[in-house]
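**Q** One structure, as structure tokens, below. Some questions next.
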Amino acid sequence: MNNWIFLTKDGTDEYINTFARGCGRTPIRIDDFIFETSNDPIVLRGILKHKIMKKCWDIGRDFFYIDTGYFGNERTNTNPNGWKYWHRIVKNNLQHGEIIPCPPDRFDKFKKPIHPWKRSGRKILVAAPDEKPCKFYGIDKQEWLDQTVNVIKNYTDRPVEIRERAPNRIDRIKNSTLQQALDDDVFALVTFNSNAATEANFYGIPTFTLAPCNAASPVSLQDLSKIETPYYPEDDKRFMWACHLAYGQFHISEMRDGSAYRMLAQ
């Protein structure tokens with residue numbers, strides 16, 4: 001435990017700071033961190049730390065990336081304000097892009113339904129990427145949207161609708177939810193790296209994921225030429241996938257008490 005390095009921007013990242021204290025460590029300000037002084041695993045949060053992550057990839061150094069969890073942060077009776085209690089922690093990548101068999105106990109606690117596949121929709125919904133992942137992957141957002149829509153239209157006559165993520169979280173979880181958009185006659189969802197693909201799969205809408213890594217990739221297609229024949233994985237596979245995601249995200253209390261570290265270090 002003593003050799004993990006927790007990087008915090010200006011010393012103010014509450015999640016990094018909480019996780020570090022749970023591991024008995026003192027976080028290091030990014031400005032004070034010298035990459036070459038060790039080869040110890042690095043813990044960081046925020047996709048714009050791309051220079052550090054790419055440097056780790058180049059030399060094979062381990063890192064753990066923290067970002068918003070896949071489920072558990074939506075508005076429910078136990079979380080009426082939709083606070084971000086759950087955070088994914090990914091080793092050496094931005095997302096959990098595979099299925100590793102895991103027990104169902106963590107996922108079962110969410111009581112999150114996996115809906116039957118809906119096959120009656122008409123539209124193709126394109127979930128636009130945010131600017132931060134575009135910067136990380138070196139793509140231009142508008143160019144990606146234009147190219148993606150053009151490719152889709154080469155293979156289908158279905159109407160294509162672009163969904164921009166609402167800038168304010170309260171609007172995303174209350175006034176302009178993804179579920180509302182998916183209910184509006186959607187046949188399939190196409191995205192780059194958005195978590196919308198994860199939610200769509202739970203909701204019974206097939207997905208196409210185009211980023212190098214997306215949590216929903218194991219239950220999605222990546223070939224837009226198949227837009228008229230999307231992938232409808234068996235419920236058993238979606239359940240295995242959900243169980244794996246549940247073992248890759250942690251409640252803030254698990255970061256605080258060190259149990260997140262103990263699970264990750266196994």
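Ordered as shown in the structure tokens, chains take letters A, B, and onward, while each chain numbers its residues from 1 and ligands are numbered from 1 in the order shown.
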Fewer than 4 positions away in the same chain doesn't count, so skip those; otherwise give me all residues within 7 Å of Pro133 (chain A), counting only C-alpha atoms, as a ChimeraX atom specification.
**A** /A:47,129,137
**Q** Can you tell me, as a PyMOL selection string, which residues in region 74-133 of chain A count as strand (DSSP E) by DSSP?
**A** chain A and resi 86-91+123-127
**Q** Using the selection just defined, write its residues with N, CA and C atoms as a CSV table (one decimal), in the first residue's frame.
**A**
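What follows is the written file selection.csv:
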```csv
chain,number,residue,atom,x,y,z
A,86,TRP,N,-20.6,7.0,-6.5
A,86,TRP,CA,-19.8,5.9,-7.0
A,86,TRP,C,-18.9,6.3,-8.1
A,87,HIS,N,-17.6,5.8,-8.0
A,87,HIS,CA,-16.6,6.2,-8.9
A,87,HIS,C,-15.9,4.9,-9.5
A,88,ARG,N,-15.7,4.9,-10.8
A,88,ARG,CA,-14.9,3.8,-11.4
A,88,ARG,C,-13.4,4.0,-11.1
A,89,ILE,N,-12.7,2.9,-10.9
A,89,ILE,CA,-11.3,3.0,-10.7
A,89,ILE,C,-10.7,1.9,-11.7
A,90,VAL,N,-10.0,2.3,-12.7
A,90,VAL,CA,-9.6,1.5,-13.8
A,90,VAL,C,-8.1,1.4,-13.8
A,91,LYS,N,-7.6,0.2,-13.9
A,91,LYS,CA,-6.2,0.0,-14.0
A,91,LYS,C,-5.7,0.1,-15.5
A,123,LYS,N,-35.4,5.7,-34.8
A,123,LYS,CA,-34.3,6.6,-35.0
A,123,LYS,C,-33.0,6.0,-34.5
A,124,ILE,N,-31.9,6.6,-35.1
A,124,ILE,CA,-30.6,6.3,-34.6
A,124,ILE,C,-30.2,7.5,-33.8
A,125,LEU,N,-29.8,7.3,-32.5
A,125,LEU,CA,-29.4,8.4,-31.6
A,125,LEU,C,-27.9,8.4,-31.5
A,126,VAL,N,-27.3,9.5,-31.8
A,126,VAL,CA,-25.9,9.7,-31.7
A,126,VAL,C,-25.6,10.5,-30.5
A,127,ALA,N,-24.9,9.9,-29.5
A,127,ALA,CA,-24.5,10.6,-28.3
A,127,ALA,C,-23.2,11.3,-28.5
```
**Q** What does the distance from CA of Ala211 (chain A) to CA of Thr198 (chain A) come to in Å, to one decimal?
**A**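 CA of Ala211 (chain A) sits 13.4 Å away from CA of Thr198 (chain A).
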**Q** Can you pull out every residue within 12 Å of Val186 (chain A), counting only C-alpha atoms, but drop anything in the same chain fewer than 6 positions away, and send it as a list in words?
**A** Trp117, Lys118, Arg119, Ser120, Gly121, Arg122, Lys123, Ile124, Leu125, Val126, Ala127, Arg158, Pro159, Val160, Glu161, Ile162, Arg163, Leu178, Gln179, Gln180, Ala200, Tyr203, Gly204, Ile205, Pro206 and Thr207 of chain A
**Q** Mind writing the picked residues with N, CA and C atoms as a PDB file, in the first residue's frame?
**A**
```pdb
ATOM      1  N   TRP A 117     -34.766  -6.370 -24.637  1.00  0.00           N
ATOM      2  CA  TRP A 117     -34.410  -5.577 -25.809  1.00  0.00           C
ATOM      3  C   TRP A 117     -35.645  -4.973 -26.461  1.00  0.00           C
ATOM      4  N   LYS A 118     -35.536  -3.698 -26.800  1.00  0.00           N
ATOM      5  CA  LYS A 118     -36.596  -3.012 -27.541  1.00  0.00           C
ATOM      6  C   LYS A 118     -36.199  -3.002 -29.019  1.00  0.00           C
ATOM      7  N   ARG A 119     -37.062  -3.491 -29.878  1.00  0.00           N
ATOM      8  CA  ARG A 119     -36.725  -3.643 -31.289  1.00  0.00           C
ATOM      9  C   ARG A 119     -37.660  -2.855 -32.206  1.00  0.00           C
ATOM     10  N   SER A 120     -38.450  -1.963 -31.647  1.00  0.00           N
ATOM     11  CA  SER A 120     -39.486  -1.299 -32.441  1.00  0.00           C
ATOM     12  C   SER A 120     -39.162   0.153 -32.775  1.00  0.00           C
ATOM     13  N   GLY A 121     -38.052   0.671 -32.303  1.00  0.00           N
ATOM     14  CA  GLY A 121     -37.745   2.079 -32.535  1.00  0.00           C
ATOM     15  C   GLY A 121     -37.411   2.369 -33.989  1.00  0.00           C
ATOM     16  N   ARG A 122     -37.370   3.654 -34.297  1.00  0.00           N
ATOM     17  CA  ARG A 122     -37.107   4.095 -35.661  1.00  0.00           C
ATOM     18  C   ARG A 122     -35.775   4.833 -35.790  1.00  0.00           C
ATOM     19  N   LYS A 123     -35.427   5.678 -34.830  1.00  0.00           N
ATOM     20  CA  LYS A 123     -34.300   6.607 -34.960  1.00  0.00           C
ATOM     21  C   LYS A 123     -32.967   5.998 -34.533  1.00  0.00           C
ATOM     22  N   ILE A 124     -31.911   6.571 -35.087  1.00  0.00           N
ATOM     23  CA  ILE A 124     -30.557   6.332 -34.592  1.00  0.00           C
ATOM     24  C   ILE A 124     -30.167   7.543 -33.753  1.00  0.00           C
ATOM     25  N   LEU A 125     -29.847   7.305 -32.504  1.00  0.00           N
ATOM     26  CA  LEU A 125     -29.446   8.388 -31.603  1.00  0.00           C
ATOM     27  C   LEU A 125     -27.926   8.391 -31.481  1.00  0.00           C
ATOM     28  N   VAL A 126     -27.307   9.512 -31.818  1.00  0.00           N
ATOM     29  CA  VAL A 126     -25.863   9.661 -31.696  1.00  0.00           C
ATOM     30  C   VAL A 126     -25.574  10.506 -30.453  1.00  0.00           C
ATOM     31  N   ALA A 127     -24.921   9.898 -29.469  1.00  0.00           N
ATOM     32  CA  ALA A 127     -24.540  10.624 -28.252  1.00  0.00           C
ATOM     33  C   ALA A 127     -23.196  11.297 -28.501  1.00  0.00           C
ATOM     34  N   ARG A 158     -32.793   5.443 -41.844  1.00  0.00           N
ATOM     35  CA  ARG A 158     -33.416   5.874 -40.588  1.00  0.00           C
ATOM     36  C   ARG A 158     -33.000   7.313 -40.260  1.00  0.00           C
ATOM     37  N   PRO A 159     -33.885   8.075 -39.634  1.00  0.00           N
ATOM     38  CA  PRO A 159     -33.490   9.414 -39.192  1.00  0.00           C
ATOM     39  C   PRO A 159     -32.413   9.345 -38.115  1.00  0.00           C
ATOM     40  N   VAL A 160     -31.485  10.278 -38.168  1.00  0.00           N
ATOM     41  CA  VAL A 160     -30.378  10.331 -37.210  1.00  0.00           C
ATOM     42  C   VAL A 160     -30.523  11.589 -36.366  1.00  0.00           C
ATOM     43  N   GLU A 161     -30.464  11.406 -35.075  1.00  0.00           N
ATOM     44  CA  GLU A 161     -30.591  12.531 -34.145  1.00  0.00           C
ATOM     45  C   GLU A 161     -29.344  12.610 -33.274  1.00  0.00           C
ATOM     46  N   ILE A 162     -28.792  13.797 -33.121  1.00  0.00           N
ATOM     47  CA  ILE A 162     -27.610  13.992 -32.283  1.00  0.00           C
ATOM     48  C   ILE A 162     -28.047  14.511 -30.911  1.00  0.00           C
ATOM     49  N   ARG A 163     -27.551  13.867 -29.881  1.00  0.00           N
ATOM     50  CA  ARG A 163     -27.848  14.298 -28.511  1.00  0.00           C
ATOM     51  C   ARG A 163     -26.587  14.871 -27.886  1.00  0.00           C
ATOM     52  N   LEU A 178     -31.293  10.842 -20.230  1.00  0.00           N
ATOM     53  CA  LEU A 178     -31.025   9.913 -21.322  1.00  0.00           C
ATOM     54  C   LEU A 178     -32.205   8.966 -21.496  1.00  0.00           C
ATOM     55  N   GLN A 179     -32.814   8.545 -20.406  1.00  0.00           N
ATOM     56  CA  GLN A 179     -33.958   7.642 -20.510  1.00  0.00           C
ATOM     57  C   GLN A 179     -35.075   8.279 -21.329  1.00  0.00           C
ATOM     58  N   GLN A 180     -35.326   9.565 -21.122  1.00  0.00           N
ATOM     59  CA  GLN A 180     -36.346  10.255 -21.910  1.00  0.00           C
ATOM     60  C   GLN A 180     -35.987  10.239 -23.392  1.00  0.00           C
ATOM     61  N   ALA A 200     -27.835   2.716 -22.102  1.00  0.00           N
ATOM     62  CA  ALA A 200     -28.698   2.222 -23.168  1.00  0.00           C
ATOM     63  C   ALA A 200     -28.782   0.697 -23.149  1.00  0.00           C
ATOM     64  N   TYR A 203     -31.047  -0.411 -20.620  1.00  0.00           N
ATOM     65  CA  TYR A 203     -32.411  -0.007 -20.941  1.00  0.00           C
ATOM     66  C   TYR A 203     -32.994  -0.774 -22.133  1.00  0.00           C
ATOM     67  N   GLY A 204     -32.178  -1.614 -22.749  1.00  0.00           N
ATOM     68  CA  GLY A 204     -32.681  -2.445 -23.830  1.00  0.00           C
ATOM     69  C   GLY A 204     -32.531  -1.856 -25.211  1.00  0.00           C
ATOM     70  N   ILE A 205     -31.627  -0.878 -25.365  1.00  0.00           N
ATOM     71  CA  ILE A 205     -31.355  -0.269 -26.663  1.00  0.00           C
ATOM     72  C   ILE A 205     -29.969  -0.707 -27.113  1.00  0.00           C
ATOM     73  N   PRO A 206     -29.822  -1.331 -28.284  1.00  0.00           N
ATOM     74  CA  PRO A 206     -28.498  -1.784 -28.731  1.00  0.00           C
ATOM     75  C   PRO A 206     -27.580  -0.607 -29.047  1.00  0.00           C
ATOM     76  N   THR A 207     -26.286  -0.850 -28.950  1.00  0.00           N
ATOM     77  CA  THR A 207     -25.324   0.253 -29.031  1.00  0.00           C
ATOM     78  C   THR A 207     -24.155  -0.063 -29.954  1.00  0.00           C
TER      79      THR A 207
END
```
**Q** May I ask which of the residues A:Met263, A:Ile100, A:Cys213, A:Leu189 is the closest one to Ala242 (chain A), counting only C-alpha atoms?
**A**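 Under the stated criterion, the closest residue is A:Ile100.
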**Q** Tell me, which residues of region 15-72 of chain A carry DSSP alpha helix (DSSP H), written as a PDB file with N, CA and C atoms, in the first residue's frame?
**A**
```
ATOM      1  N   TYR A  15     -11.739  13.521  -4.005  1.00  0.00           N
ATOM      2  CA  TYR A  15     -11.807  12.072  -4.164  1.00  0.00           C
ATOM      3  C   TYR A  15     -10.416  11.446  -4.073  1.00  0.00           C
ATOM      4  N   ILE A  16      -9.446  12.067  -4.712  1.00  0.00           N
ATOM      5  CA  ILE A  16      -8.063  11.597  -4.577  1.00  0.00           C
ATOM      6  C   ILE A  16      -7.610  11.703  -3.131  1.00  0.00           C
ATOM      7  N   ASN A  17      -7.908  12.821  -2.507  1.00  0.00           N
ATOM      8  CA  ASN A  17      -7.485  13.024  -1.117  1.00  0.00           C
ATOM      9  C   ASN A  17      -8.118  11.989  -0.188  1.00  0.00           C
ATOM     10  N   THR A  18      -9.399  11.714  -0.395  1.00  0.00           N
ATOM     11  CA  THR A  18     -10.093  10.724   0.432  1.00  0.00           C
ATOM     12  C   THR A  18      -9.509   9.331   0.214  1.00  0.00           C
ATOM     13  N   PHE A  19      -9.272   8.976  -1.035  1.00  0.00           N
ATOM     14  CA  PHE A  19      -8.717   7.658  -1.350  1.00  0.00           C
ATOM     15  C   PHE A  19      -7.312   7.520  -0.762  1.00  0.00           C
ATOM     16  N   ALA A  20      -6.517   8.566  -0.878  1.00  0.00           N
ATOM     17  CA  ALA A  20      -5.154   8.523  -0.340  1.00  0.00           C
ATOM     18  C   ALA A  20      -5.174   8.318   1.171  1.00  0.00           C
ATOM     19  N   ARG A  21      -6.007   9.063   1.864  1.00  0.00           N
ATOM     20  CA  ARG A  21      -6.089   8.903   3.322  1.00  0.00           C
ATOM     21  C   ARG A  21      -6.543   7.500   3.690  1.00  0.00           C
ATOM     22  N   GLY A  22      -7.467   6.916   2.892  1.00  0.00           N
ATOM     23  CA  GLY A  22      -7.911   5.552   3.160  1.00  0.00           C
ATOM     24  C   GLY A  22      -6.796   4.536   3.008  1.00  0.00           C
ATOM     25  N   HIS A  50      -3.915  13.417 -19.411  1.00  0.00           N
ATOM     26  CA  HIS A  50      -3.559  12.500 -20.500  1.00  0.00           C
ATOM     27  C   HIS A  50      -2.055  12.367 -20.701  1.00  0.00           C
ATOM     28  N   LYS A  51      -1.281  13.423 -20.432  1.00  0.00           N
ATOM     29  CA  LYS A  51       0.161  13.320 -20.631  1.00  0.00           C
ATOM     30  C   LYS A  51       0.773  12.276 -19.701  1.00  0.00           C
ATOM     31  N   ILE A  52       0.304  12.243 -18.469  1.00  0.00           N
ATOM     32  CA  ILE A  52       0.825  11.273 -17.509  1.00  0.00           C
ATOM     33  C   ILE A  52       0.403   9.865 -17.907  1.00  0.00           C
ATOM     34  N   MET A  53      -0.877   9.693 -18.258  1.00  0.00           N
ATOM     35  CA  MET A  53      -1.358   8.361 -18.630  1.00  0.00           C
ATOM     36  C   MET A  53      -0.643   7.838 -19.870  1.00  0.00           C
ATOM     37  N   LYS A  54      -0.477   8.684 -20.869  1.00  0.00           N
ATOM     38  CA  LYS A  54       0.185   8.232 -22.092  1.00  0.00           C
ATOM     39  C   LYS A  54       1.659   7.922 -21.842  1.00  0.00           C
ATOM     40  N   LYS A  55       2.269   8.657 -20.927  1.00  0.00           N
ATOM     41  CA  LYS A  55       3.654   8.358 -20.565  1.00  0.00           C
ATOM     42  C   LYS A  55       3.742   6.999 -19.878  1.00  0.00           C
ATOM     43  N   CYS A  56       2.751   6.704 -19.029  1.00  0.00           N
ATOM     44  CA  CYS A  56       2.701   5.384 -18.384  1.00  0.00           C
ATOM     45  C   CYS A  56       2.533   4.286 -19.424  1.00  0.00           C
ATOM     46  N   TRP A  57       1.663   4.501 -20.387  1.00  0.00           N
ATOM     47  CA  TRP A  57       1.483   3.512 -21.458  1.00  0.00           C
ATOM     48  C   TRP A  57       2.795   3.278 -22.208  1.00  0.00           C
ATOM     49  N   ASP A  58       3.520   4.354 -22.462  1.00  0.00           N
ATOM     50  CA  ASP A  58       4.746   4.249 -23.259  1.00  0.00           C
ATOM     51  C   ASP A  58       5.794   3.359 -22.589  1.00  0.00           C
ATOM     52  N   ILE A  59       5.890   3.429 -21.254  1.00  0.00           N
ATOM     53  CA  ILE A  59       6.946   2.680 -20.573  1.00  0.00           C
ATOM     54  C   ILE A  59       6.420   1.482 -19.781  1.00  0.00           C
TER      55      ILE A  59
END
```
**Q** Could you check the closest approach to Glu14 (chain A) for each of A:Leu44, A:Ile139, A:Ala216, A:Ala128 and tell me which residue wins, using only C-alpha atoms?
**A**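 Closest residue, counting only C-alpha atoms: A:Leu44.
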**Q** Mind checking which residues fall within 12 Å of Gln142 (chain A), counting only C-alpha atoms, ignoring those fewer than 2 positions away in the same chain, and posting them as a list in words?
**A**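 The filter keeps Ala128, Pro129, Asp130, Glu131, Cys134, Ile139, Asp140, Trp144, Leu145, Asp146, Gln147, Thr148, Val149, Ile162 and Glu164 of chain A.
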**Q** Kindly export the residues of the current selection with C-alpha atoms, as a PDB file, in the first residue's frame.
**A**
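Saved the output as result_3.pdb:
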```pdb
ATOM      1  CA  ALA A 128     -21.991  13.370 -28.923  1.00  0.00           C
ATOM      2  CA  PRO A 129     -18.677  13.087 -27.092  1.00  0.00           C
ATOM      3  CA  ASP A 130     -17.570  15.737 -24.631  1.00  0.00           C
ATOM      4  CA  GLU A 131     -14.641  17.986 -25.427  1.00  0.00           C
ATOM      5  CA  CYS A 134     -11.945  14.482 -27.779  1.00  0.00           C
ATOM      6  CA  ILE A 139     -10.158  14.178 -32.420  1.00  0.00           C
ATOM      7  CA  ASP A 140     -12.240  17.159 -33.459  1.00  0.00           C
ATOM      8  CA  TRP A 144     -16.287  13.162 -35.615  1.00  0.00           C
ATOM      9  CA  LEU A 145     -20.013  13.937 -35.589  1.00  0.00           C
ATOM     10  CA  ASP A 146     -20.103  14.810 -39.278  1.00  0.00           C
ATOM     11  CA  GLN A 147     -18.147  11.718 -40.280  1.00  0.00           C
ATOM     12  CA  THR A 148     -20.156   9.406 -38.015  1.00  0.00           C
ATOM     13  CA  VAL A 149     -23.516  10.673 -39.283  1.00  0.00           C
ATOM     14  CA  ILE A 162     -27.610  13.992 -32.283  1.00  0.00           C
ATOM     15  CA  GLU A 164     -25.561  16.779 -26.805  1.00  0.00           C
TER      16      GLU A 164
END
```
